[in-house]
file start06.cif (mmCIF, C-alpha atoms)
data_query
#
loop_
_atom_site.label_atom_id
_atom_site.label_comp_id
_atom_site.auth_asym_id
_atom_site.auth_seq_id
_atom_site.Cartn_x
_atom_site.Cartn_y
_atom_site.Cartn_z
CA MET N 1 0.00 0.00 0.00
CA VAL N 2 1.38 3.41 -0.98
CA SER N 3 0.51 6.58 0.87
CA ALA N 4 -2.07 8.38 -1.27
CA THR N 5 -0.34 11.72 -0.90
CA VAL N 6 2.93 10.34 -2.15
CA ALA N 7 1.28 8.30 -4.89
CA ARG N 8 -0.24 11.43 -6.42
CA ALA N 9 3.09 13.21 -6.27
CA THR N 10 5.09 10.36 -7.77
CA ALA N 11 2.77 8.67 -10.23
CA ALA N 12 4.63 9.97 -13.28
CA ALA N 13 8.15 9.25 -12.15
CA ALA N 14 7.70 6.49 -9.55
CA ALA N 15 10.38 8.30 -7.55
CA LEU N 16 10.68 10.39 -4.43
CA ALA N 17 8.54 13.50 -4.40
CA THR N 18 10.12 16.93 -4.43
CA LEU N 19 7.97 18.73 -1.92
CA MET N 20 9.67 21.95 -0.91
CA ALA N 21 12.77 24.09 -1.09
CA VAL N 22 14.71 24.68 2.07
CA PRO N 23 17.54 27.13 2.76
CA ALA N 24 21.04 25.71 2.83
CA HIS N 25 22.51 25.40 6.32
CA ALA N 26 25.67 27.13 7.44
CA ALA N 27 28.79 25.15 6.65
CA VAL N 28 31.93 24.65 8.68
CA PRO N 29 34.10 27.76 8.12
CA GLY N 30 36.54 27.14 5.29
CA ALA N 31 34.93 23.82 4.31
CA ARG N 32 34.38 23.03 0.65
CA ALA N 33 31.19 21.51 -0.65
CA GLU N 34 31.60 17.83 -1.43
CA ALA N 35 31.18 16.84 -5.08
CA LEU N 36 28.72 13.96 -5.12
CA PRO N 37 27.04 12.04 -7.93
CA ALA N 38 23.43 13.02 -8.54
CA PRO N 39 21.15 10.99 -6.25
CA ASP N 40 19.03 8.21 -7.70
CA ALA N 41 15.64 8.97 -6.16
CA THR N 42 13.98 6.05 -7.94
CA GLY N 43 16.56 3.71 -6.42
CA VAL N 44 15.67 4.91 -2.93
CA TRP N 45 11.98 4.46 -3.71
CA ASN N 46 12.60 0.89 -4.85
CA VAL N 47 14.37 0.13 -1.57
CA LEU N 48 11.26 1.10 0.38
CA ARG N 49 9.06 -1.16 -1.72
CA ALA N 50 11.54 -4.03 -1.33
CA ALA N 51 11.58 -3.61 2.46
CA GLN N 52 7.79 -3.82 2.48
CA ARG N 53 7.87 -7.03 0.44
CA GLN N 54 10.40 -8.47 2.88
CA GLY N 55 8.19 -8.04 5.91
CA ALA N 56 8.14 -4.40 7.01
CA PRO N 57 4.56 -3.11 7.32
CA GLY N 58 5.83 0.21 5.97
CA ALA N 59 8.92 2.28 5.18
CA ILE N 60 9.69 5.96 4.70
CA ALA N 61 12.67 7.95 3.43
CA ARG N 62 13.63 11.60 3.19
CA LEU N 63 16.44 12.69 0.88
CA ASP N 64 17.81 16.22 1.39
CA ASP N 65 20.22 17.52 -1.24
CA GLY N 66 21.11 21.18 -0.82
CA ASP N 67 17.88 23.10 -1.36
CA THR N 68 15.93 20.08 -2.62
CA VAL N 69 13.88 17.78 -0.42
CA ARG N 70 12.39 14.51 -1.67
CA TRP N 71 10.44 11.98 0.34
CA ALA N 72 8.33 8.90 -0.08
CA ALA N 73 6.40 6.45 2.06
CA VAL N 74 4.96 3.00 1.44
CA GLY N 75 2.79 0.72 3.52
CA VAL N 76 1.03 1.30 6.80
CA ALA N 77 1.77 2.98 10.10
CA ASP N 78 -0.92 0.97 11.87
CA ARG N 79 -1.78 -2.59 10.84
CA GLY N 80 -4.97 -2.46 12.88
CA THR N 81 -6.52 0.60 11.26
CA GLY N 82 -4.68 0.46 7.95
CA ARG N 83 -3.56 4.09 8.29
CA ALA N 84 -0.93 4.87 5.68
CA LEU N 85 2.58 5.66 6.82
CA GLY N 86 3.59 9.27 6.22
CA ASN N 87 6.89 11.12 6.38
CA ALA N 88 5.69 13.31 9.24
CA ASP N 89 5.18 10.27 11.48
CA ARG N 90 7.29 10.15 14.62
CA PHE N 91 9.17 6.97 15.52
CA ARG N 92 11.73 5.53 17.91
CA ILE N 93 15.23 6.14 16.53
CA GLY N 94 17.11 3.57 18.62
CA SER N 95 20.88 3.96 18.58
CA VAL N 96 20.87 7.21 16.63
CA THR N 97 20.34 8.43 20.21
CA LYS N 98 24.02 7.66 20.79
CA THR N 99 25.00 10.54 18.53
CA PHE N 100 22.83 12.89 20.62
CA SER N 101 24.59 11.69 23.78
CA ALA N 102 28.01 12.07 22.20
CA VAL N 103 27.22 15.64 21.10
CA VAL N 104 26.32 16.62 24.67
CA LEU N 105 29.58 15.20 26.00
CA ILE N 106 31.62 16.89 23.25
CA GLN N 107 29.94 20.18 24.14
CA LEU N 108 30.92 19.62 27.78
CA ALA N 109 34.48 18.99 26.61
CA ASP N 110 34.32 22.25 24.61
CA GLU N 111 33.27 23.99 27.85
CA GLY N 112 36.23 22.57 29.75
CA LYS N 113 34.03 20.40 31.99
CA LEU N 114 35.27 17.09 30.58
CA SER N 115 38.47 15.63 29.20
CA LEU N 116 37.97 12.94 26.59
CA ASP N 117 41.15 11.19 27.67
CA ALA N 118 40.39 11.26 31.39
CA PRO N 119 39.31 8.05 33.15
CA VAL N 120 35.57 7.65 33.50
CA ASN N 121 36.20 6.98 37.20
CA ARG N 122 37.49 10.55 37.63
CA TYR N 123 33.93 11.75 37.15
CA LEU N 124 32.09 8.66 38.40
CA PRO N 125 34.31 7.27 41.16
CA LYS N 126 34.43 3.48 41.43
CA LEU N 127 31.80 2.98 38.72
CA LEU N 128 34.10 0.86 36.56
CA PRO N 129 36.61 -1.80 37.62
CA ASP N 130 39.47 -0.33 35.56
CA ASP N 131 40.79 3.22 35.87
CA ARG N 132 42.28 2.93 32.39
CA ILE N 133 38.86 3.16 30.72
CA THR N 134 38.57 6.72 29.42
CA VAL N 135 35.66 8.78 28.15
CA ARG N 136 37.06 8.39 24.64
CA HIS N 137 37.10 4.61 25.00
CA VAL N 138 33.44 4.66 25.99
CA LEU N 139 32.33 6.90 23.12
CA SER N 140 34.26 4.87 20.54
CA HIS N 141 33.21 1.40 21.83
CA ARG N 142 36.75 0.54 22.89
CA SER N 143 36.15 0.20 26.62
CA GLY N 144 35.70 -3.57 26.59
CA LEU N 145 32.49 -3.29 28.62
CA TYR N 146 30.23 -6.24 27.84
CA ASP N 147 26.89 -5.45 26.17
CA TYR N 148 24.19 -6.56 28.60
CA THR N 149 21.59 -6.61 25.79
CA ASN N 150 23.16 -9.83 24.46
CA ASP N 151 21.64 -11.65 27.44
CA MET N 152 18.55 -9.48 27.76
CA PHE N 153 17.43 -10.18 24.17
CA ALA N 154 18.91 -13.62 23.50
CA LYS N 155 15.27 -14.57 22.83
CA THR N 156 13.79 -11.63 21.00
CA VAL N 157 10.09 -11.46 21.93
CA PRO N 158 10.28 -12.98 25.45
CA GLY N 159 13.23 -10.72 26.20
CA PHE N 160 11.33 -7.68 25.04
CA GLU N 161 8.15 -8.54 26.94
CA ALA N 162 10.21 -9.03 30.11
CA VAL N 163 11.48 -5.43 30.00
CA ARG N 164 8.72 -3.63 28.08
CA THR N 165 7.34 -1.84 31.15
CA LYS N 166 10.38 -2.04 33.45
CA VAL N 167 12.27 1.03 34.61
CA PHE N 168 16.00 0.57 35.22
CA THR N 169 18.56 2.92 36.69
CA TYR N 170 21.73 3.48 34.73
CA ARG N 171 23.74 1.79 37.46
CA GLN N 172 21.54 -1.31 37.33
CA LEU N 173 22.33 -1.66 33.63
CA VAL N 174 26.05 -1.13 34.21
CA LYS N 175 25.94 -3.78 36.95
CA ARG N 176 24.50 -6.27 34.43
CA SER N 177 27.46 -5.59 32.16
CA LEU N 178 30.06 -5.91 34.90
CA ALA N 179 28.76 -9.35 35.81
CA LYS N 180 30.36 -10.56 32.56
CA PRO N 181 34.02 -10.59 31.47
CA ARG N 182 35.19 -7.63 29.45
CA THR N 183 35.58 -8.12 25.71
CA THR N 184 38.87 -6.28 25.23
CA ALA N 185 41.46 -4.30 27.16
CA PRO N 186 40.76 -0.55 27.46
CA GLY N 187 41.66 1.14 24.19
CA GLY N 188 41.61 -2.18 22.34
CA ALA N 189 39.72 -3.04 19.18
CA TYR N 190 36.24 -1.69 18.52
CA SER N 191 33.55 -3.81 20.18
CA TYR N 192 30.05 -2.35 20.08
CA SER N 193 28.27 -2.22 23.43
CA ASN N 194 25.18 -0.37 24.62
CA THR N 195 26.81 -0.27 28.06
CA ASN N 196 29.16 2.42 26.79
CA PHE N 197 26.35 4.87 26.16
CA VAL N 198 24.63 4.04 29.43
CA VAL N 199 27.90 5.24 30.97
CA ALA N 200 27.64 8.30 28.70
CA GLY N 201 24.23 9.05 30.21
CA LEU N 202 25.65 8.80 33.71
CA LEU N 203 28.45 11.20 32.74
CA ILE N 204 25.98 13.72 31.32
CA GLU N 205 23.87 13.70 34.45
CA LYS N 206 26.86 13.86 36.84
CA LEU N 207 28.63 16.70 35.00
CA THR N 208 25.54 18.85 34.44
CA GLY N 209 23.38 18.02 37.45
CA HIS N 210 20.47 17.59 35.02
CA SER N 211 18.69 14.67 33.39
CA VAL N 212 19.64 13.64 29.88
CA ARG N 213 16.17 14.75 28.83
CA THR N 214 16.96 18.31 29.96
CA GLU N 215 20.38 18.32 28.32
CA TYR N 216 19.05 16.98 24.98
CA ARG N 217 16.34 19.65 25.09
CA ASP N 218 18.55 22.60 26.05
CA ARG N 219 21.59 21.75 23.94
CA ILE N 220 20.12 20.15 20.80
CA ILE N 221 16.34 19.95 20.51
CA GLY N 222 15.60 23.56 21.50
CA PRO N 223 18.40 25.35 19.62
CA LEU N 224 17.68 23.40 16.41
CA LYS N 225 13.89 23.75 16.82
CA LEU N 226 13.37 20.01 16.50
CA LYS N 227 9.61 20.11 16.98
CA ASP N 228 9.10 16.37 16.67
CA THR N 229 11.99 15.10 18.79
CA PHE N 230 11.38 13.86 22.33
CA TYR N 231 12.89 11.92 25.19
CA VAL N 232 9.93 10.60 27.18
CA HIS N 233 11.59 7.92 29.34
CA PRO N 234 10.16 6.37 31.45
CA GLY N 235 6.91 7.13 29.62
CA THR N 236 5.74 4.43 27.23
CA LYS N 237 3.84 6.36 24.57
CA ILE N 238 5.02 8.24 21.47
CA PRO N 239 3.30 11.65 21.51
CA GLY N 240 1.27 12.86 18.54
CA ARG N 241 1.11 11.27 15.10
CA HIS N 242 3.44 8.32 14.93
CA THR N 243 4.01 4.98 13.29
CA ARG N 244 3.56 1.85 15.32
CA GLY N 245 6.49 -0.53 15.57
CA TYR N 246 6.29 -4.25 14.80
CA LEU N 247 8.83 -6.68 16.19
CA THR N 248 9.64 -9.76 14.09
CA PRO N 249 9.68 -12.94 16.26
CA ASP N 250 12.52 -15.44 16.05
CA THR N 251 10.12 -18.19 14.92
CA ALA N 252 9.63 -18.17 11.16
CA GLY N 253 6.08 -17.31 10.17
CA ALA N 254 5.04 -16.10 13.63
CA ALA N 255 2.87 -12.99 13.76
CA LEU N 256 4.53 -9.61 14.18
CA VAL N 257 4.36 -8.18 17.71
CA ASP N 258 3.17 -4.59 18.21
CA SER N 259 6.03 -3.16 20.27
CA THR N 260 5.15 0.53 20.07
CA GLU N 261 4.48 1.17 23.73
CA GLN N 262 7.49 0.54 25.97
CA THR N 263 9.70 2.41 28.42
CA VAL N 264 12.91 1.76 26.42
CA SER N 265 14.46 1.87 29.87
CA TRP N 266 16.81 -0.92 28.81
CA ALA N 267 18.51 1.66 26.54
CA GLN N 268 17.85 5.23 27.78
CA SER N 269 20.81 7.41 26.62
CA ALA N 270 21.86 4.55 24.32
CA GLY N 271 18.60 4.42 22.36
CA ALA N 272 15.40 6.04 23.70
CA VAL N 273 14.95 9.22 21.62
CA ILE N 274 11.85 9.71 19.40
CA SER N 275 12.09 11.79 16.22
CA THR N 276 11.15 12.13 12.52
CA THR N 277 13.06 11.96 9.26
CA LYS N 278 12.97 15.79 8.99
CA ASP N 279 14.33 16.36 12.48
CA LEU N 280 17.08 13.77 11.99
CA HIS N 281 18.12 15.61 8.83
CA LEU N 282 18.21 18.90 10.73
CA PHE N 283 20.28 17.29 13.48
CA LEU N 284 22.84 15.67 11.17
CA SER N 285 23.19 18.71 8.93
CA ALA N 286 23.77 20.93 11.97
CA LEU N 287 26.28 18.53 13.50
CA LEU N 288 28.32 17.94 10.35
CA GLY N 289 27.93 21.58 9.35
CA GLY N 290 29.72 22.61 12.53
CA ARG N 291 26.81 24.19 14.38
CA LEU N 292 26.63 21.93 17.44
CA THR N 293 30.25 21.64 18.55
CA SER N 294 33.53 23.42 18.09
CA ARG N 295 35.56 22.55 15.02
CA ALA N 296 37.99 20.67 17.27
CA GLY N 297 35.10 18.79 18.85
CA LEU N 298 33.74 17.70 15.48
CA THR N 299 37.24 16.61 14.47
CA GLU N 300 37.37 14.39 17.57
CA MET N 301 34.00 12.86 16.72
CA ARG N 302 35.33 11.98 13.25
CA ARG N 303 38.55 10.35 14.48
CA MET N 304 37.66 6.85 13.35
CA VAL N 305 38.73 3.31 14.18
CA PRO N 306 37.92 0.28 11.98
CA ALA N 307 34.46 -1.12 12.73
CA GLY N 308 33.90 -3.87 10.19
CA THR N 309 33.96 -4.07 6.40
CA GLY N 310 33.43 -0.65 4.85
CA GLN N 311 32.76 0.93 8.24
CA ALA N 312 34.54 2.94 10.92
CA TYR N 313 33.45 4.46 14.22
CA GLY N 314 34.39 7.74 15.85
CA LEU N 315 32.83 9.21 18.98
CA GLY N 316 29.16 8.31 18.74
CA LEU N 317 29.39 8.68 14.98
CA ARG N 318 29.61 5.93 12.37
CA ARG N 319 31.18 6.21 8.91
CA ARG N 320 30.09 4.02 6.03
CA ASP N 321 32.25 3.81 2.89
CA LEU N 322 30.11 3.37 -0.22
CA SER N 323 30.86 1.68 -3.54
CA CYS N 324 31.52 4.97 -5.39
CA GLY N 325 34.20 6.10 -2.93
CA VAL N 326 31.91 8.45 -1.00
CA SER N 327 31.87 8.18 2.79
CA VAL N 328 28.80 9.12 4.81
CA TYR N 329 28.47 9.88 8.51
CA GLY N 330 25.67 9.19 10.95
CA HIS N 331 24.25 6.18 12.76
CA THR N 332 21.88 3.28 12.42
CA GLY N 333 19.24 2.66 15.04
CA ALA N 334 17.18 -0.27 16.23
CA VAL N 335 14.65 -0.48 18.98
CA GLN N 336 11.96 -3.13 19.00
CA GLY N 337 9.77 -2.52 15.95
CA TYR N 338 11.89 0.17 14.29
CA TYR N 339 14.95 0.25 12.01
CA THR N 340 16.41 3.72 11.38
CA VAL N 341 19.09 4.73 8.88
CA ALA N 342 20.38 8.31 9.25
CA PHE N 343 23.50 9.41 7.36
CA ALA N 344 24.82 12.53 5.68
CA SER N 345 27.73 13.61 3.52
CA LYS N 346 30.82 14.88 5.32
CA ASP N 347 29.68 18.50 4.97
CA GLY N 348 26.11 17.65 5.97
CA LYS N 349 24.62 19.06 2.78
CA ARG N 350 23.11 15.81 1.56
CA SER N 351 21.39 13.42 3.93
CA LEU N 352 19.25 10.32 3.84
CA THR N 353 17.01 9.56 6.80
CA ALA N 354 14.85 6.47 6.56
CA LEU N 355 12.76 4.09 8.63
CA ALA N 356 11.22 0.63 8.34
CA ASN N 357 8.67 -0.09 11.07
CA THR N 358 9.96 -3.53 11.97
CA SER N 359 13.09 -5.01 13.56
CA ASN N 360 14.84 -8.37 14.04
CA ASN N 361 14.59 -8.81 10.28
CA GLY N 362 18.07 -8.98 8.76
CA THR N 363 16.75 -8.94 5.20
CA VAL N 364 14.95 -5.63 5.73
CA LEU N 365 18.00 -4.20 7.50
CA THR N 366 20.35 -4.99 4.62
CA THR N 367 17.83 -3.65 2.10
CA MET N 368 17.34 -0.36 3.95
CA LEU N 369 21.07 0.25 4.19
CA GLY N 370 21.21 -0.17 0.41
CA ALA N 371 19.32 3.11 0.08
CA LEU N 372 22.56 4.89 0.96
CA GLU N 373 24.08 3.72 -2.32
CA SER N 374 21.26 5.25 -4.36
CA ALA N 375 21.17 8.42 -2.28
CA PHE N 376 24.90 9.18 -2.38
CA CYS N 377 26.31 7.23 -5.35
CA GLY N 378 23.34 7.64 -7.71
CA LYS N 379 22.78 5.44 -10.71
CA LYS N 380 26.49 4.71 -11.05
CA THR N 381 26.50 2.64 -7.88
CA LYS N 382 28.20 -0.70 -8.37
CA ALA N 383 25.97 -3.76 -8.25
CA ARG N 384 26.12 -5.29 -4.84
CA ALA N 385 27.44 -8.84 -4.72
CA ARG N 386 24.58 -11.28 -4.35
CA THR N 387 24.79 -12.91 -0.96
CA THR N 388 22.54 -14.68 1.48
CA ARG N 389 24.39 -13.22 4.45
CA ALA N 390 22.61 -10.40 6.26
CA GLU N 391 24.73 -7.39 7.07
CA ARG N 392 26.14 -7.51 10.57
CA TYR N 393 23.89 -5.58 12.92
CA GLU N 394 25.06 -4.27 16.26
CA ASP N 395 22.62 -1.77 17.78
CA VAL N 396 20.79 -4.36 19.91
CA ALA N 397 22.33 -7.60 21.21
CA PRO N 398 25.34 -7.50 18.86
CA SER N 399 26.35 -11.08 19.62
CA VAL N 400 22.90 -12.52 18.90
CA PRO N 401 22.24 -13.52 15.25
CA VAL N 402 19.53 -11.43 13.61
CA ASN N 403 16.46 -13.13 12.15
CA ARG N 404 16.12 -13.63 8.37
CA PRO N 405 12.44 -14.27 7.69
CA ALA N 406 11.19 -15.11 4.22
CA ALA N 407 9.80 -12.33 2.04
CA THR N 408 6.06 -11.75 2.28
CA GLY N 409 5.36 -10.82 -1.31
CA SER N 410 6.64 -10.88 -4.85
#
call {"tool": "encode", "arguments": {"input": "start06.cif", "output": "structure tokens"}}
result
Amino acid sequence: MVSATVARATAAAAALATLMAVPAHAAVPGARAEALPAPDATGVWNVLRAAQRQGAPGAIARLDDGDTVRWAAVGVADRGTGRALGNADRFRIGSVTKTFSAVVLIQLADEGKLSLDAPVNRYLPKLLPDDRITVRHVLSHRSGLYDYTNDMFAKTVPGFEAVRTKVFTYRQLVKRSLAKPRTTAPGGAYSYSNTNFVVAGLLIEKLTGHSVRTEYRDRIIGPLKLKDTFYVHPGTKIPGRHTRGYLTPDTAGAALVDSTEQTVSWAQSAGAVISTTKDLHLFLSALLGGRLTSRAGLTEMRRMVPAGTGQAYGLGLRRRDLSCGVSVYGHTGAVQGYYTVAFASKDGKRSLTALANTSNNGTVLTTMLGALESAFCGKKTKARARTTRAERYEDVAPSVPVNRPAATGS
């Protein structure tokens, strides 16, 4: 099912709709605009339709390119009512929250209230068992702290139902991690762990004396006028118009589970923000355009370490290297029922923000990430090697294999 609004706008071209012109954002002083191939809007559109065939009730994408905005939506936001998914729908952005948390800490470093290379225990005495673990190690997933979500969600639906309405403290989550051996020595190889950004939340609250909700609002949401971005923890509802999320069970053929209402207390500063494709574009363009941190702070965020094939990770910021030689910066996000892809060019002038309203579906995940190729490499993108292997996914339970259900349509 295609949203009627989008269908009218795209009937002739079967591509993303150009809806409005927006003013270009301010760039980093002295930065040059990045020369990119023209985007392939039809390719992005086809990704959304493929994700729907593969089991997502719906999918949306917004492609910003300078002064041009294109968007499209397919499928439904609510399987019960049949309401069509629209690009203004709010949704849970999962681990894209980590970039929000990193920005707050980089701002605190800019203000002289934090040293990235200081031990976490300087600010949170005796929290961690090793004084060598620094703030930088935490923000770059090189602390070695075990990811407690591996155990929490070893069984996807039962694990989710067990925590859906629970409220955890940050320290309770850290305690779960510390019950397990560490995965690497401090400063060792990249090893993704939600525990790191739970520690980031603790740091934010200790250094500011305020909740992460207040700091997100005062430092990011308010200044950027992100009207559809919220941190409601421990509330369970998404305010206003939103898409419902549908969790894919581990058992093949089992019915999707409506996972919309939850505390997301298992993630908090690692994954509990709510937003829209427009607001995520505004956030990424401001960050990469140099309007949220100092130039030195942004440079630190983009100091990358290898993080898998074609990927690298900085401080709360992921880089993906595409087939045409272009690199894009942002984050993926998963929370039960929602897959988010949010990336932009190095200068922030082109971005793709997209959502599929399902999760634990490796086929949909790999398909949605393919939209980056069309958005940033255009029609010249190299054909992806045919493979049955789902792309490695890390945002939730990185050691637990993701489900690969069969497609639900032709």
call {"tool": "resolve_selection", "arguments": {"input": "start06.cif", "expression": "the PyMOL selection byres ((chain N and resi 109) around 12)", "output": "JSON list (two decimals) with C-alpha atoms, in the coordinates of the input"}}
result
[["chain", "number", "residue", "atom", "x", "y", "z"],
["N", 102, "ALA", "CA", 28.01, 12.07, 22.20],
["N", 103, "VAL", "CA", 27.22, 15.64, 21.10],
["N", 104, "VAL", "CA", 26.32, 16.62, 24.67],
["N", 105, "LEU", "CA", 29.58, 15.20, 26.00],
["N", 106, "ILE", "CA", 31.62, 16.89, 23.25],
["N", 107, "GLN", "CA", 29.94, 20.18, 24.14],
["N", 108, "LEU", "CA", 30.92, 19.62, 27.78],
["N", 110, "ASP", "CA", 34.32, 22.25, 24.61],
["N", 111, "GLU", "CA", 33.27, 23.99, 27.85],
["N", 112, "GLY", "CA", 36.23, 22.57, 29.75],
["N", 113, "LYS", "CA", 34.03, 20.40, 31.99],
["N", 114, "LEU", "CA", 35.27, 17.09, 30.58],
["N", 115, "SER", "CA", 38.47, 15.63, 29.20],
["N", 116, "LEU", "CA", 37.97, 12.94, 26.59],
["N", 117, "ASP", "CA", 41.15, 11.19, 27.67],
["N", 118, "ALA", "CA", 40.39, 11.26, 31.39],
["N", 135, "VAL", "CA", 35.66, 8.78, 28.15],
["N", 136, "ARG", "CA", 37.06, 8.39, 24.64],
["N", 203, "LEU", "CA", 28.45, 11.20, 32.74],
["N", 204, "ILE", "CA", 25.98, 13.72, 31.32],
["N", 207, "LEU", "CA", 28.63, 16.70, 35.00],
["N", 208, "THR", "CA", 25.54, 18.85, 34.44],
["N", 293, "THR", "CA", 30.25, 21.64, 18.55],
["N", 294, "SER", "CA", 33.53, 23.42, 18.09],
["N", 296, "ALA", "CA", 37.99, 20.67, 17.27],
["N", 297, "GLY", "CA", 35.10, 18.79, 18.85],
["N", 298, "LEU", "CA", 33.74, 17.70, 15.48],
["N", 300, "GLU", "CA", 37.37, 14.39, 17.57],
["N", 301, "MET", "CA", 34.00, 12.86, 16.72]]
call {"tool": "resolve_selection", "arguments": {"input": "start06.cif", "expression": "the PyMOL selection byres ((chain N and resi 260) around 10)", "output": "PyMOL selection string"}}
result
chain N and resi 91-92+164+236-238+242-247+257-259+261-263+335-338+357
call {"tool": "residues_around", "arguments": {"input": "start06.cif", "residues": "N:Lys175", "least_positions_apart": "4", "cutoff": "12 Å", "atoms": "all atoms listed in the file", "output": "list in words"}}
result
Leu127, Leu128, Pro129, Leu145, Tyr146, Asp147, Tyr148, Phe168, Thr169, Tyr170, Arg171, Ala179, Lys180, Pro181, Thr195, Val198 and Val199 of chain N
call {"tool": "atom_distance", "arguments": {"input": "start06.cif", "atom1": "atom CA of N:Gly330", "atom2": "atom CA of N:Ser374"}}
result
16.4 Å
call {"tool": "residues_around", "arguments": {"input": "start06.cif", "residues": "N:Ser359", "least_positions_apart": "5", "cutoff": "12 Å", "atoms": "all atoms listed in the file", "output": "short mmCIF file (atom, residue, chain, number, x, y, z; two decimals) with C-alpha atoms, keeping the file's coordinate frame"}}
result
data_model
loop_
_atom_site.label_atom_id
_atom_site.label_comp_id
_atom_site.auth_asym_id
_atom_site.auth_seq_id
_atom_site.Cartn_x
_atom_site.Cartn_y
_atom_site.Cartn_z
CA ALA N 51 11.58 -3.61 2.46
CA GLN N 54 10.40 -8.47 2.88
CA GLY N 55 8.19 -8.04 5.91
CA ALA N 56 8.14 -4.40 7.01
CA PRO N 57 4.56 -3.11 7.32
CA GLY N 58 5.83 0.21 5.97
CA ALA N 59 8.92 2.28 5.18
CA ARG N 92 11.73 5.53 17.91
CA ILE N 93 15.23 6.14 16.53
CA GLY N 94 17.11 3.57 18.62
CA THR N 156 13.79 -11.63 21.00
CA VAL N 157 10.09 -11.46 21.93
CA PHE N 160 11.33 -7.68 25.04
CA ARG N 244 3.56 1.85 15.32
CA GLY N 245 6.49 -0.53 15.57
CA TYR N 246 6.29 -4.25 14.80
CA LEU N 247 8.83 -6.68 16.19
CA THR N 248 9.64 -9.76 14.09
CA PRO N 249 9.68 -12.94 16.26
CA ASP N 250 12.52 -15.44 16.05
CA LEU N 256 4.53 -9.61 14.18
CA VAL N 257 4.36 -8.18 17.71
CA ASP N 258 3.17 -4.59 18.21
CA SER N 259 6.03 -3.16 20.27
CA THR N 260 5.15 0.53 20.07
CA GLY N 333 19.24 2.66 15.04
CA ALA N 334 17.18 -0.27 16.23
CA VAL N 335 14.65 -0.48 18.98
CA GLN N 336 11.96 -3.13 19.00
CA GLY N 337 9.77 -2.52 15.95
CA TYR N 338 11.89 0.17 14.29
CA TYR N 339 14.95 0.25 12.01
CA THR N 340 16.41 3.72 11.38
CA VAL N 364 14.95 -5.63 5.73
CA LEU N 365 18.00 -4.20 7.50
CA THR N 366 20.35 -4.99 4.62
CA MET N 368 17.34 -0.36 3.95
CA TYR N 393 23.89 -5.58 12.92
CA ASP N 395 22.62 -1.77 17.78
CA VAL N 396 20.79 -4.36 19.91
CA VAL N 402 19.53 -11.43 13.61
CA ASN N 403 16.46 -13.13 12.15
CA ARG N 404 16.12 -13.63 8.37
CA PRO N 405 12.44 -14.27 7.69
#
call {"tool": "resolve_selection", "arguments": {"input": "start06.cif", "expression": "the PyMOL selection byres ((chain N and resi 132) around 7)", "output": "list in words"}}
result
Pro119, Asp130, Asp131, Ile133, Thr134 and Pro186 of chain N
call {"tool": "residues_around", "arguments": {"input": "start06.cif", "residues": "N:Lys379", "least_positions_apart": "3", "cutoff": "9 Å", "atoms": "all atoms listed in the file", "output": "list of chain:residue names"}}
result
N:Pro37, N:Ala38, N:Pro39, N:Asp40, N:Gly43, N:Glu373, N:Ser374, N:Lys382
call {"tool": "closest_residue", "arguments": {"input": "start06.cif", "among": "N:Val273, N:Cys324, N:Leu352, N:Cys377", "to": "N:Ser95", "atoms": "all atoms listed in the file"}}
result
N:Val273
call {"tool": "atom_distance", "arguments": {"input": "start06.cif", "atom1": "atom CA of N:Val163", "atom2": "atom CA of N:Asp89"}}
result
25.1 Å
call {"tool": "atom_distance", "arguments": {"input": "start06.cif", "atom1": "atom CA of N:Val328", "atom2": "atom CA of N:Ile274"}}
result
22.4 Å
call {"tool": "residues_near_point", "arguments": {"input": "start06.cif", "point": "(8.7, 0.7, 34.7)", "cutoff": "7 Å", "atoms": "only C-alpha atoms", "output": "VMD selection string"}}
result
chain N and resid 165 to 167 234 263
call {"tool": "write_last_selection", "arguments": {"input": "start06.cif", "atoms": "C-alpha atoms", "output": "JSON list (two decimals), in the coordinates of the input"}}
result
[["chain", "number", "residue", "atom", "x", "y", "z"],
["N", 165, "THR", "CA", 7.34, -1.84, 31.15],
["N", 166, "LYS", "CA", 10.38, -2.04, 33.45],
["N", 167, "VAL", "CA", 12.27, 1.03, 34.61],
["N", 234, "PRO", "CA", 10.16, 6.37, 31.45],
["N", 263, "THR", "CA", 9.70, 2.41, 28.42]]
call {"tool": "closest_residue", "arguments": {"input": "start06.cif", "among": "N:Trp266, N:Asn194, N:Thr358, N:Thr309", "to": "N:Glu161", "atoms": "all atoms listed in the file"}}
result
N:Trp266
call {"tool": "residues_around", "arguments": {"input": "start06.cif", "residues": "N:Leu63", "least_positions_apart": "4", "cutoff": "7 Å", "atoms": "all atoms listed in the file", "output": "VMD selection string"}}
result
chain N and resid 69 to 71 351 to 353
call {"tool": "closest_residue", "arguments": {"input": "start06.cif", "among": "N:His137, N:Lys126, N:Arg182, N:Arg90", "to": "N:Lys227", "atoms": "all atoms listed in the file"}}
result
N:Arg90
